[in-house]
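Participant: My structure file work.cif, mmCIF, C-alpha atoms and all ligand atoms, is below:
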```
data_entry
loop_
_atom_site.label_atom_id
_atom_site.label_comp_id
_atom_site.auth_asym_id
_atom_site.auth_seq_id
_atom_site.Cartn_x
_atom_site.Cartn_y
_atom_site.Cartn_z
CA MET A 1 16.25 -30.87 -1.91
CA ASN A 2 17.40 -27.71 -3.69
CA PRO A 3 14.95 -24.82 -3.76
CA PRO A 4 13.10 -24.63 -7.11
CA ILE A 5 13.68 -20.93 -7.74
CA PRO A 6 16.01 -18.44 -6.09
CA LEU A 7 14.97 -17.77 -2.51
CA ARG A 8 15.97 -14.96 -0.23
CA GLU A 9 17.06 -16.07 3.21
CA HIS A 10 16.36 -14.16 6.43
CA GLU A 11 14.34 -11.61 4.49
CA PRO A 12 13.27 -8.65 6.66
CA MET A 13 9.51 -8.58 6.27
CA HIS A 14 9.29 -4.85 7.01
CA ARG A 15 10.14 -4.58 3.31
CA HIS A 16 6.90 -6.35 2.42
CA SER A 17 4.41 -4.90 4.90
CA SER A 18 2.73 -1.51 4.54
CA TRP A 19 3.38 -1.09 8.28
CA ARG A 20 7.09 -1.02 7.39
CA ALA A 21 7.67 -3.28 10.40
CA GLY A 22 8.08 -6.98 11.06
CA GLY A 23 10.63 -9.71 11.73
CA ALA A 24 12.43 -11.81 9.13
CA ALA A 25 11.18 -14.75 7.09
CA ARG A 26 13.58 -17.70 7.07
CA TYR A 27 12.87 -17.96 3.33
CA TYR A 28 11.07 -15.53 1.01
CA ALA A 29 10.21 -15.82 -2.69
CA GLU A 30 8.01 -14.21 -5.31
CA ALA A 31 5.98 -16.42 -7.66
CA THR A 32 4.76 -15.00 -10.94
CA THR A 33 3.20 -18.20 -12.29
CA VAL A 34 1.05 -21.04 -10.97
CA ALA A 35 3.88 -23.46 -11.80
CA ALA A 36 6.34 -21.51 -9.64
CA ALA A 37 3.84 -21.40 -6.75
CA LEU A 38 3.33 -25.17 -7.02
CA ARG A 39 7.08 -25.82 -7.01
CA LEU A 40 7.65 -23.58 -4.00
CA ALA A 41 4.80 -25.20 -2.04
CA ALA A 42 6.16 -28.67 -2.87
CA TRP A 43 9.63 -27.62 -1.72
CA ALA A 44 8.29 -26.26 1.58
CA ARG A 45 6.38 -29.52 2.13
CA ALA A 46 9.45 -31.62 1.37
CA GLU A 47 11.56 -29.54 3.78
CA GLY A 48 8.86 -29.65 6.46
CA LEU A 49 8.63 -25.84 6.46
CA PRO A 50 5.51 -23.84 7.33
CA LEU A 51 4.17 -21.78 4.41
CA VAL A 52 2.44 -18.40 4.10
CA TRP A 53 1.00 -16.89 0.90
CA LEU A 54 1.38 -13.14 0.76
CA GLY A 55 -0.44 -10.56 -1.32
CA ARG A 56 0.84 -7.00 -1.02
CA GLY A 57 1.29 -7.06 2.75
CA THR A 58 -1.24 -4.32 3.51
CA ASN A 59 -3.04 -6.36 6.17
CA LEU A 60 -0.44 -8.36 8.04
CA LEU A 61 2.47 -8.19 10.44
CA VAL A 62 5.27 -10.71 11.07
CA ARG A 63 6.20 -10.83 14.75
CA ALA A 64 9.66 -9.52 15.71
CA GLU A 65 10.86 -13.12 16.33
CA GLY A 66 10.37 -13.79 12.63
CA PHE A 67 8.77 -16.68 10.73
CA PRO A 68 10.67 -19.99 10.56
CA GLY A 69 9.32 -21.08 7.16
CA LEU A 70 8.69 -19.87 3.61
CA ILE A 71 6.69 -16.75 2.72
CA VAL A 72 5.71 -16.52 -0.94
CA ALA A 73 4.30 -13.34 -2.47
CA TYR A 74 1.99 -14.30 -5.35
CA ARG A 75 2.58 -11.82 -8.14
CA ALA A 76 0.72 -13.14 -11.24
CA HIS A 77 -1.42 -10.19 -12.35
CA GLY A 78 -2.88 -10.75 -15.83
CA TRP A 79 -6.54 -10.06 -16.61
CA GLN A 80 -9.08 -10.62 -19.38
CA LEU A 81 -12.49 -9.08 -19.93
CA VAL A 82 -15.18 -11.03 -21.75
CA GLU A 83 -18.06 -8.79 -22.81
CA ALA A 84 -21.65 -9.96 -23.44
CA GLY A 85 -23.85 -6.99 -24.27
CA ASP A 86 -24.20 -4.81 -21.17
CA THR A 87 -22.48 -7.25 -18.87
CA ALA A 88 -18.94 -8.57 -18.72
CA LEU A 89 -16.91 -11.12 -16.82
CA LEU A 90 -13.51 -9.96 -15.64
CA ARG A 91 -11.01 -12.71 -14.80
CA VAL A 92 -7.99 -11.38 -12.95
CA GLU A 93 -5.00 -13.11 -11.40
CA ALA A 94 -4.67 -12.73 -7.65
CA GLY A 95 -1.44 -10.73 -7.59
CA ALA A 96 -2.98 -7.72 -9.38
CA ALA A 97 -3.32 -4.54 -7.33
CA ILE A 98 -7.07 -4.07 -6.88
CA ALA A 99 -7.05 -0.25 -6.98
CA GLY A 100 -5.16 -0.10 -10.28
CA LEU A 101 -7.52 -2.69 -11.72
CA ALA A 102 -10.56 -0.68 -10.59
CA ARG A 103 -9.22 2.39 -12.39
CA ARG A 104 -8.46 0.56 -15.63
CA ILE A 105 -11.84 -1.13 -15.69
CA GLY A 106 -13.64 2.12 -14.89
CA ALA A 107 -11.78 3.90 -17.70
CA LEU A 108 -13.08 1.22 -20.08
CA GLY A 109 -16.64 2.05 -19.01
CA TRP A 110 -17.31 -1.01 -16.81
CA ALA A 111 -19.00 -0.53 -13.44
CA GLY A 112 -18.76 -2.70 -10.32
CA LEU A 113 -15.32 -2.03 -8.91
CA ALA A 114 -15.43 1.76 -8.43
CA TRP A 115 -15.62 1.37 -4.63
CA ALA A 116 -12.10 -0.14 -4.71
CA GLU A 117 -10.57 3.18 -5.84
CA GLY A 118 -7.51 3.69 -3.63
CA LEU A 119 -7.98 0.38 -1.75
CA PRO A 120 -4.50 -0.96 -0.94
CA GLY A 121 -3.62 -4.59 -1.58
CA SER A 122 -4.02 -7.36 -4.12
CA VAL A 123 -7.06 -9.08 -5.59
CA GLY A 124 -6.07 -12.25 -3.67
CA GLY A 125 -5.96 -10.43 -0.33
CA ALA A 126 -9.31 -8.77 -1.10
CA VAL A 127 -10.93 -12.12 -1.98
CA VAL A 128 -9.65 -13.73 1.23
CA GLY A 129 -10.77 -10.92 3.55
CA ASN A 130 -13.88 -9.72 1.65
CA ALA A 131 -12.34 -6.27 1.42
CA GLY A 132 -14.86 -3.48 1.15
CA CYS A 133 -15.40 0.25 1.45
CA TYR A 134 -17.53 3.10 0.11
CA GLY A 135 -20.62 0.98 -0.42
CA GLY A 136 -19.03 -2.04 -2.07
CA GLU A 137 -17.27 -5.25 -1.14
CA VAL A 138 -15.81 -8.25 -2.96
CA ALA A 139 -18.80 -10.47 -2.10
CA GLY A 140 -21.08 -8.14 -4.11
CA LEU A 141 -19.49 -8.85 -7.49
CA LEU A 142 -17.40 -12.00 -7.22
CA GLN A 143 -18.67 -14.85 -9.38
CA SER A 144 -15.99 -17.39 -8.46
CA ALA A 145 -12.46 -17.81 -7.17
CA GLU A 146 -9.83 -20.16 -8.57
CA LEU A 147 -7.84 -21.83 -5.84
CA LEU A 148 -4.87 -24.08 -5.40
CA LEU A 149 -5.72 -26.59 -2.67
CA GLY A 150 -2.59 -28.61 -2.00
CA GLU A 151 -1.60 -29.68 -5.51
CA ALA A 152 -5.12 -29.54 -6.96
CA GLY A 153 -6.87 -26.66 -8.66
CA ALA A 154 -10.51 -25.87 -7.78
CA THR A 155 -13.04 -23.21 -8.73
CA TRP A 156 -15.31 -22.11 -5.89
CA PRO A 157 -18.50 -20.17 -6.56
CA THR A 158 -19.00 -17.16 -4.28
CA GLU A 159 -21.56 -19.01 -2.08
CA ARG A 160 -18.89 -21.52 -1.10
CA LEU A 161 -16.70 -18.72 0.24
CA ALA A 162 -19.34 -18.03 2.92
CA TYR A 163 -18.67 -14.30 2.92
CA GLY A 164 -19.39 -12.08 5.91
CA TYR A 165 -18.09 -8.73 7.16
CA ARG A 166 -14.32 -8.83 6.46
CA THR A 167 -14.36 -12.60 6.54
CA SER A 168 -14.72 -15.69 4.38
CA ALA A 169 -14.28 -19.43 4.47
CA LEU A 170 -10.74 -18.76 3.26
CA LYS A 171 -9.74 -16.26 5.93
CA SER A 172 -9.06 -18.86 8.63
CA ALA A 173 -7.96 -21.53 6.11
CA VAL A 174 -5.10 -19.36 4.80
CA GLN A 175 -3.82 -18.97 8.35
CA SER A 176 -2.95 -22.64 8.54
CA THR A 177 0.73 -22.81 7.65
CA ASP A 178 0.53 -26.50 6.73
CA THR A 179 -1.01 -26.41 3.24
CA PRO A 180 -2.79 -23.05 3.07
CA PRO A 181 -5.04 -22.55 0.02
CA LEU A 182 -3.72 -20.10 -2.58
CA VAL A 183 -6.12 -17.79 -4.43
CA LEU A 184 -4.94 -17.90 -8.05
CA ALA A 185 -7.57 -15.76 -9.75
CA ALA A 186 -11.00 -14.21 -9.34
CA THR A 187 -13.86 -13.68 -11.78
CA PHE A 188 -15.97 -10.57 -11.24
CA ARG A 189 -19.36 -9.68 -12.78
CA LEU A 190 -19.45 -6.16 -14.23
CA LEU A 191 -22.13 -3.96 -15.76
CA ARG A 192 -21.68 -1.44 -18.55
CA GLY A 193 -21.50 2.09 -17.10
CA ASP A 194 -20.85 5.63 -18.18
CA ARG A 195 -17.14 6.43 -18.28
CA ASP A 196 -17.48 10.04 -17.14
CA GLU A 197 -19.88 9.18 -14.33
CA LEU A 198 -17.56 6.42 -13.17
CA ALA A 199 -14.57 8.77 -13.27
CA ALA A 200 -16.46 11.39 -11.23
CA HIS A 201 -17.62 8.76 -8.70
CA MET A 202 -14.07 7.45 -8.30
CA ALA A 203 -12.65 10.95 -7.93
CA ALA A 204 -15.16 11.59 -5.12
CA ILE A 205 -14.14 8.34 -3.40
CA ALA A 206 -10.45 9.24 -3.77
CA ALA A 207 -11.10 12.63 -2.14
CA GLN A 208 -13.02 11.04 0.77
CA ARG A 209 -10.31 8.42 1.28
CA LYS A 210 -7.63 11.10 1.31
CA ALA A 211 -9.55 13.17 3.86
CA LYS A 212 -10.30 10.22 6.18
CA THR A 213 -7.12 8.13 6.04
CA PRO A 214 -4.42 8.99 8.56
CA THR A 215 -1.09 9.63 6.87
CA GLY A 216 1.92 7.42 7.58
CA SER A 217 2.70 3.71 7.39
CA SER A 218 -0.18 1.53 8.56
CA CYS A 219 -2.15 -1.60 7.79
CA GLY A 220 -5.50 0.19 7.69
CA SER A 221 -8.03 -0.74 10.36
CA VAL A 222 -6.43 -2.97 12.97
CA PHE A 223 -9.67 -4.34 14.43
CA LYS A 224 -13.02 -5.29 12.93
CA ASN A 225 -15.97 -3.20 14.02
CA PRO A 226 -17.90 -5.22 16.65
CA PRO A 227 -21.60 -5.67 15.81
CA GLY A 228 -23.35 -2.31 16.21
CA ALA A 229 -20.19 -0.50 17.31
CA SER A 230 -17.10 1.18 15.90
CA ALA A 231 -13.71 -0.17 16.97
CA GLY A 232 -12.18 3.29 16.43
CA GLN A 233 -14.73 4.95 18.71
CA LEU A 234 -14.30 2.33 21.43
CA ILE A 235 -10.53 2.89 21.40
CA GLU A 236 -11.03 6.66 21.41
CA VAL A 237 -13.49 6.48 24.32
CA ALA A 238 -10.93 4.36 26.17
CA GLY A 239 -8.67 7.41 26.00
CA LEU A 240 -6.04 5.83 23.79
CA LYS A 241 -5.89 8.23 20.82
CA GLY A 242 -2.31 9.38 20.42
CA ARG A 243 -0.91 6.72 22.78
CA ALA A 244 2.59 5.65 21.65
CA VAL A 245 4.92 2.72 22.21
CA GLY A 246 8.32 3.30 20.66
CA ALA A 247 7.68 4.78 17.23
CA ALA A 248 4.19 3.25 16.93
CA VAL A 249 1.22 5.47 17.76
CA ILE A 250 -2.55 5.04 17.89
CA SER A 251 -3.56 7.60 15.29
CA PRO A 252 -4.91 10.84 16.73
CA VAL A 253 -7.01 11.06 13.53
CA HIS A 254 -8.59 7.58 13.51
CA ALA A 255 -8.08 5.43 16.60
CA ASN A 256 -8.45 2.12 14.71
CA TYR A 257 -5.20 2.91 12.86
CA ILE A 258 -1.75 2.31 14.36
CA ILE A 259 0.87 4.39 12.58
CA ASN A 260 4.54 3.59 12.32
CA THR A 261 6.03 7.06 12.61
CA GLY A 262 9.57 5.93 11.88
CA ALA A 263 11.36 2.82 13.05
CA ALA A 264 8.58 1.10 14.99
CA THR A 265 9.11 -2.60 15.59
CA ALA A 266 6.48 -5.32 15.37
CA ALA A 267 6.75 -5.53 19.18
CA ASP A 268 5.84 -1.81 19.51
CA ILE A 269 2.76 -2.33 17.32
CA LEU A 270 1.73 -5.50 19.15
CA ALA A 271 2.06 -3.71 22.50
CA LEU A 272 -0.44 -1.09 21.29
CA ILE A 273 -2.75 -3.80 19.95
CA ASP A 274 -2.70 -5.50 23.37
CA LEU A 275 -3.26 -2.18 25.14
CA ALA A 276 -6.27 -1.34 22.96
CA ARG A 277 -7.80 -4.76 23.47
CA THR A 278 -7.25 -4.77 27.22
CA GLU A 279 -8.51 -1.22 27.81
CA VAL A 280 -11.58 -1.56 25.56
CA PHE A 281 -12.50 -4.81 27.29
CA ARG A 282 -11.96 -3.29 30.74
CA GLN A 283 -14.01 -0.19 29.99
CA SER A 284 -16.68 -1.46 27.57
CA ALA A 285 -16.70 -5.25 28.08
CA ILE A 286 -16.27 -5.68 24.32
CA GLU A 287 -13.64 -8.04 22.93
CA LEU A 288 -12.01 -6.52 19.85
CA GLU A 289 -11.27 -8.97 17.05
CA LEU A 290 -8.26 -8.42 14.79
CA GLU A 291 -8.82 -7.55 11.13
CA VAL A 292 -5.08 -7.76 10.40
CA ARG A 293 -3.20 -11.05 10.42
CA ILE A 294 -0.32 -11.53 12.87
CA ILE A 295 2.23 -14.12 11.76
C1 LIG B 1 -4.12 2.73 4.35
C2 LIG B 1 -4.95 1.48 4.29
C3 LIG B 1 -6.32 1.56 4.09
C4 LIG B 1 -7.10 0.41 4.01
N1 LIG B 1 -8.45 0.53 3.79
C5 LIG B 1 -9.21 -0.58 3.68
C6 LIG B 1 -10.62 -0.48 3.40
O1 LIG B 1 -11.16 0.60 3.20
N2 LIG B 1 -11.33 -1.64 3.32
C7 LIG B 1 -10.76 -2.87 3.50
O2 LIG B 1 -11.45 -3.89 3.42
N3 LIG B 1 -9.43 -3.00 3.78
C8 LIG B 1 -8.65 -1.89 3.86
N4 LIG B 1 -7.31 -2.00 4.13
C9 LIG B 1 -6.74 -3.34 4.37
C10 LIG B 1 -6.19 -4.01 3.09
O3 LIG B 1 -6.20 -3.10 2.03
C11 LIG B 1 -7.03 -5.21 2.68
O4 LIG B 1 -7.16 -6.10 3.74
C12 LIG B 1 -6.43 -5.92 1.47
O5 LIG B 1 -7.44 -6.67 0.86
C13 LIG B 1 -5.26 -6.82 1.81
O6 LIG B 1 -4.68 -7.28 0.59
P1 LIG B 1 -3.15 -7.72 0.52
O7 LIG B 1 -2.88 -8.22 -0.84
O8 LIG B 1 -2.26 -6.64 1.00
O9 LIG B 1 -3.15 -8.92 1.55
P2 LIG B 1 -1.97 -9.34 2.54
O10 LIG B 1 -1.84 -8.32 3.64
O11 LIG B 1 -0.75 -9.66 1.77
O12 LIG B 1 -2.58 -10.67 3.15
C14 LIG B 1 -3.78 -10.64 3.92
C15 LIG B 1 -4.23 -12.09 4.14
O13 LIG B 1 -4.61 -12.65 2.89
C16 LIG B 1 -3.78 -13.78 2.58
N5 LIG B 1 -3.52 -13.73 1.14
C17 LIG B 1 -3.16 -12.65 0.40
N6 LIG B 1 -3.10 -13.01 -0.91
C18 LIG B 1 -3.42 -14.32 -0.98
C19 LIG B 1 -3.56 -15.26 -2.05
N7 LIG B 1 -3.35 -14.93 -3.32
N8 LIG B 1 -3.93 -16.52 -1.74
C20 LIG B 1 -4.16 -16.89 -0.46
N9 LIG B 1 -4.04 -16.05 0.58
C21 LIG B 1 -3.69 -14.79 0.32
C22 LIG B 1 -2.53 -13.65 3.44
O14 LIG B 1 -1.97 -14.90 3.74
C23 LIG B 1 -3.12 -12.99 4.69
O15 LIG B 1 -3.70 -13.96 5.53
C24 LIG B 1 -6.50 -0.86 4.17
C25 LIG B 1 -5.11 -0.95 4.34
C26 LIG B 1 -4.33 0.19 4.39
C27 LIG B 1 -2.85 0.08 4.54
#
```
Show me the file's structure as structure tokens.
Facilitator:
Amino acid sequence: MNPPIPLREHEPMHRHSSWRAGGAARYYAEATTVAAALRLAAWARAEGLPLVWLGRGTNLLVRAEGFPGLIVAYRAHGWQLVEAGDTALLRVEAGAAIAGLARRIGALGWAGLAWAEGLPGSVGGAVVGNAGCYGGEVAGLLQSAELLLGEAGATWPTERLAYGYRTSALKSAVQSTDTPPLVLAATFRLLRGDRDELAAHMAAIAAQRKAKTPTGSSCGSVFKNPPGASAGQLIEVAGLKGRAVGAAVISPVHANYIINTGAATAADILALIDLARTEVFRQSAIELELEVRII
């Protein structure tokens, strides 16, 4: 069967990960419509290829050996706002960048998404992982998510997503490479706010983010914080701040970040991930759980 839209073969995934590292995908495509996503998924099924949906690649790493199937970045990014007095419903397609959306909505005087100022990644990735920061998270304002489950569309209310800290019912489901669900769009509940106050609040968040985030290519926090503890502190206490493998280094600024300082490979990053897990377990008897996805 011929592929439905032009595919790239042996695509180096370092081009699509904010870590700037990662092996190649056997096939890679970008879908800007639901119809294109459906056709690509059907093609992968017909060819017996594993499938991964990608957002903006700010929370995943493809192993150096590469991925033998099809990786599709979902890029549809339209949005509509339906106002009803002092509330509004914002429907946005999953490929939209969440930080840009937060800014546009804030500038229109709608509150709810200010916390996402500067948050890397797409709306789809944020819905899957319950992204959150600076006092907010997706679970706090999501009304429903539109999904593609196999060939069927479905709308799930927030309760069905079973949100928890950086997790959801979708987080493990999307890691199946058989027929992973695709987040098509999300609907958020917003409240009318004051434009100037929102702008000031977002400027303060931007300044805090700038001060706290280590510079360089990364995927943000590598591990989830264990209950009652900080993954970064555990790694720091284990004496691993600044530890390097190849061009990958455990950030001397924030030990839960691994920075690619140049030409780090996925293997370099994974070696540091293993080291952090092993040492933290040896010294603190705590098993660190990954926040990032390894493919
Ligand atoms: C510098 C930096 C700072 C960060 N700070 C924060 C922070 O403060 N808080 C926070 O929560 N996160 C943070 N992150 C992590 C990242 O921003 C979030 O996890 C983000 O939501 C990932 O979105 P993405 O589109 O890049 O997802 P990707 O990395 O592309 O994918 C992540 C997972 O979601 C799946 N996925 C993505 N889109 C879809 C879709 N449409 N349908 C189905 N599955 C999909 C993928 O298959 C994968 O399993 C940070 C990252 C960086 C680089």
Participant: Hey, which of A:Gly193, A:Gly132, A:Pro3, A:Pro181 ends up closest to Ala154 (chain A)? Count all atoms listed in the file.
Facilitator: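 Among the listed residues, the smallest separation from Ala154 (chain A) belongs to A:Pro181.
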Participant: State, in Å with one decimal place, the distance from atom C24 of ligand LIG 1 (chain B) to CA of Ser168 (chain A).
Facilitator: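 Distance reported for this atom pair: 17.0 Å.
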Participant: Please provide the set of residues having any atom within 8 Å of Thr179 (chain A), restricted to all atoms listed in the file, with same-chain residues fewer than 3 positions apart removed, written as an MDAnalysis selection string.
Facilitator: chainID A and resid 41 51 149:150 176
Participant: Need the shell around region 58-61 of chain A: protein/DNA/RNA residues with any atom at most 9 Å away, counting all atoms listed in the file. Skip same-chain ones fewer than 4 positions apart. Format as a list in words?
Facilitator: Met13, His14, His16, Ser17, Ser18, Trp19, Ala21, Gly22, Gly23, Leu54, Pro120, Gly121, Ser122, Gly125, Ser218, Cys219, Gly220, Ser221, Val222, Ala266, Glu291, Val292, Arg293, Ile294 and Ile295 of chain A
Participant: Quick one: residues within 12 Å of Asn225 (chain A), all atoms listed in the file, excluding same-chain residues fewer than 5 positions away - as a list in words?
Facilitator: Tyr165, Arg166, Ser230, Ala231, Gly232, Gln233, Leu234, Ile235, Ala255, Asn256, Ile286, Glu287, Leu288, Glu289, Leu290 and Glu291 of chain A
Participant: The centre and edge lengths of an axis-aligned box containing all atoms of region 84-96 of chain A present in the file, extended by 3 Å on each side, are to be given in Å to one decimal, as lines of an AutoDock Vina configuration file.
Facilitator:
```
center_x = -12.8
center_y = -9.0
center_z = -15.9
size_x = 28.8
size_y = 14.3
size_z = 22.7
```
Participant: Could you check the closest approach to ligand LIG 1 (chain B) for each of A:Val127, A:Val245, A:Ala152, A:Ala139 and tell me which residue wins, using only C-alpha atoms and all ligand atoms?
Facilitator: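 Once distances to ligand LIG 1 (chain B) are computed over only C-alpha atoms and all ligand atoms, the minimum belongs to A:Val127.
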Participant: Kindly give the distance, in Å, that separates CA of Tyr163 (chain A) and CA of Arg103 (chain A), rounded to a single decimal.
Facilitator: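 Separating CA of Tyr163 (chain A) from CA of Arg103 (chain A) is a distance of 24.5 Å.
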Participant: Just give me the gap between CA of Thr265 (chain A) and CA of Gly246 (chain A) in Å, one decimal is fine.
Facilitator: 7.8 Å
Participant: With a distance cut-off of 9 Å and all atoms listed in the file, select the neighbouring residues of Ile259 (chain A), excluding the residue or stretch itself and same-chain residues fewer than 6 positions from it, and output the selection as a list in words.
Facilitator: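 In the requested format, the answer is Trp19, Pro214, Thr215, Gly216, Ser217, Ser218, Cys219, Ala247, Ala248, Val249, Ile250, Ser251 and Ile269 of chain A.
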Participant: Got time to write the residues from that selection, C-alpha atoms, as a short mmCIF file (atom, residue, chain, number, x, y, z; two decimals), keeping the file's coordinate frame?
Facilitator:
```
data_model
loop_
_atom_site.label_atom_id
_atom_site.label_comp_id
_atom_site.auth_asym_id
_atom_site.auth_seq_id
_atom_site.Cartn_x
_atom_site.Cartn_y
_atom_site.Cartn_z
CA TRP A 19 3.38 -1.09 8.28
CA PRO A 214 -4.42 8.99 8.56
CA THR A 215 -1.09 9.63 6.87
CA GLY A 216 1.92 7.42 7.58
CA SER A 217 2.70 3.71 7.39
CA SER A 218 -0.18 1.53 8.56
CA CYS A 219 -2.15 -1.60 7.79
CA ALA A 247 7.68 4.78 17.23
CA ALA A 248 4.19 3.25 16.93
CA VAL A 249 1.22 5.47 17.76
CA ILE A 250 -2.55 5.04 17.89
CA SER A 251 -3.56 7.60 15.29
CA ILE A 269 2.76 -2.33 17.32
#
```
Participant: Determine, counting only C-alpha atoms, every residue of protein, DNA or RNA that lies within 12 Å of (-23.5, -5.2, -23.9) in the file coordinates, then give the result as a list in words.
Facilitator: Val82, Glu83, Ala84, Gly85, Asp86, Thr87, Ala88, Leu89, Gly109, Trp110, Leu190, Leu191, Arg192 and Gly193 of chain A
Participant: Nearest to ligand LIG 1 (chain B) among A:His201, A:Arg91, A:Lys212, A:Arg282, with distances taken over only C-alpha atoms and all ligand atoms: which residue is it?
Facilitator: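 The closest residue to ligand LIG 1 (chain B) is A:Lys212.
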Participant: Would you please work out which residue, of A:Arg277, A:Asn260, A:Glu65, A:Gly164, is nearest to Pro227 (chain A) when using only C-alpha atoms?
Facilitator: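 Ranking A:Arg277, A:Asn260, A:Glu65, A:Gly164 by distance to Pro227 (chain A), first place goes to A:Gly164.
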Participant: Would you pick out the contacts of Pro252 (chain A) at 10 Å or less, using only C-alpha atoms, so that residues sharing its chain but fewer than 4 positions from it are not included, and give the list as an MDAnalysis selection string?
Facilitator: chainID A and resid 214 236 240:243 256:259
Participant: Find the residue from A:Arg63, A:Val237, A:Val253, A:Ile98 that sits nearest to Ser284 (chain A); use all atoms listed in the file when measuring.
Facilitator: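 That would be A:Val237, the residue with the smallest distance to Ser284 (chain A).
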Participant: Pick out the closest residue to Trp79 (chain A) from this set: A:Ser172, A:Ala186, A:Tyr134, A:Gly55. Count all atoms listed in the file.
Facilitator: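 For Trp79 (chain A), the nearest of the candidates is A:Ala186.
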Participant: Scan for residues within 7 Å of the point (-14.9, -21.6, -11.9) in the coordinates of the file, using all atoms listed in the file, and reply as a ChimeraX atom specification.
Facilitator: /A:144-146,155-157
